[in-house]
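Notes for the one structure printed next.
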Amino acid sequence: MDWLKNIEIVIFDLDGTLYQDGTFYKRYLELLFEDNDHSASLSVFLDDMASMLEGRHGSGIGDWYHPDSDT
């Protein structure tokens with residue numbers, strides 16, 4: 001699975017059609033970040049996602065950020 005290291009972005013289509021329990025994102029993030037360079041930050045990602053879903057975060061679902069252009 002050497003091709004995995006070439007992935008730069010992952011987009012989840014989480015519109016809620018199949019996932020109504022409110023915690024579906026946890027398993028996706030666990031799978032995405034386990035056993036890689038970012039695994040130590042999993043709890044931060046989970047906390048940020050919970051904040052977004054509860055409306056307490058500066059960003060929201062559907063927002064995006066492009067660091068090269070700061071947009």
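Following the order of the structure tokens, chains are lettered A, B, ..., residues in each are numbered from 1, and ligands are numbered from 1.
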
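Backbone DSSP over stretch 4-62 of chain A yields alpha helix (DSSP H) at Phe24, Tyr25, Lys26, Arg27, Tyr28, Leu29, Glu30, Leu31, Leu32, Phe33, Leu42, Ser43, Val44, Phe45, Leu46, Asp47, Asp48, Met49, Ala50, Ser51, Met52 and Leu53 of chain A.
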
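The gap separating atom CA of A:Asp2 from atom CA of A:Asp47 is 29.5 Å, in Å to one decimal.
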
- Task: Give me, please, the distance in Å between atom CA of A:Tyr28 and atom CA of A:Ile61, quoted to one decimal.
- Result: 14.9 Å

- Message: I'd like to know which of A:Val44, A:Asn36, A:Leu53, A:Glu8 is closest to A:Phe24, using only C-alpha atoms.
- Response: A:Leu53

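Separating atom CA of A:Tyr25 from atom CA of A:Asp68 is a distance of 27.0 Å.
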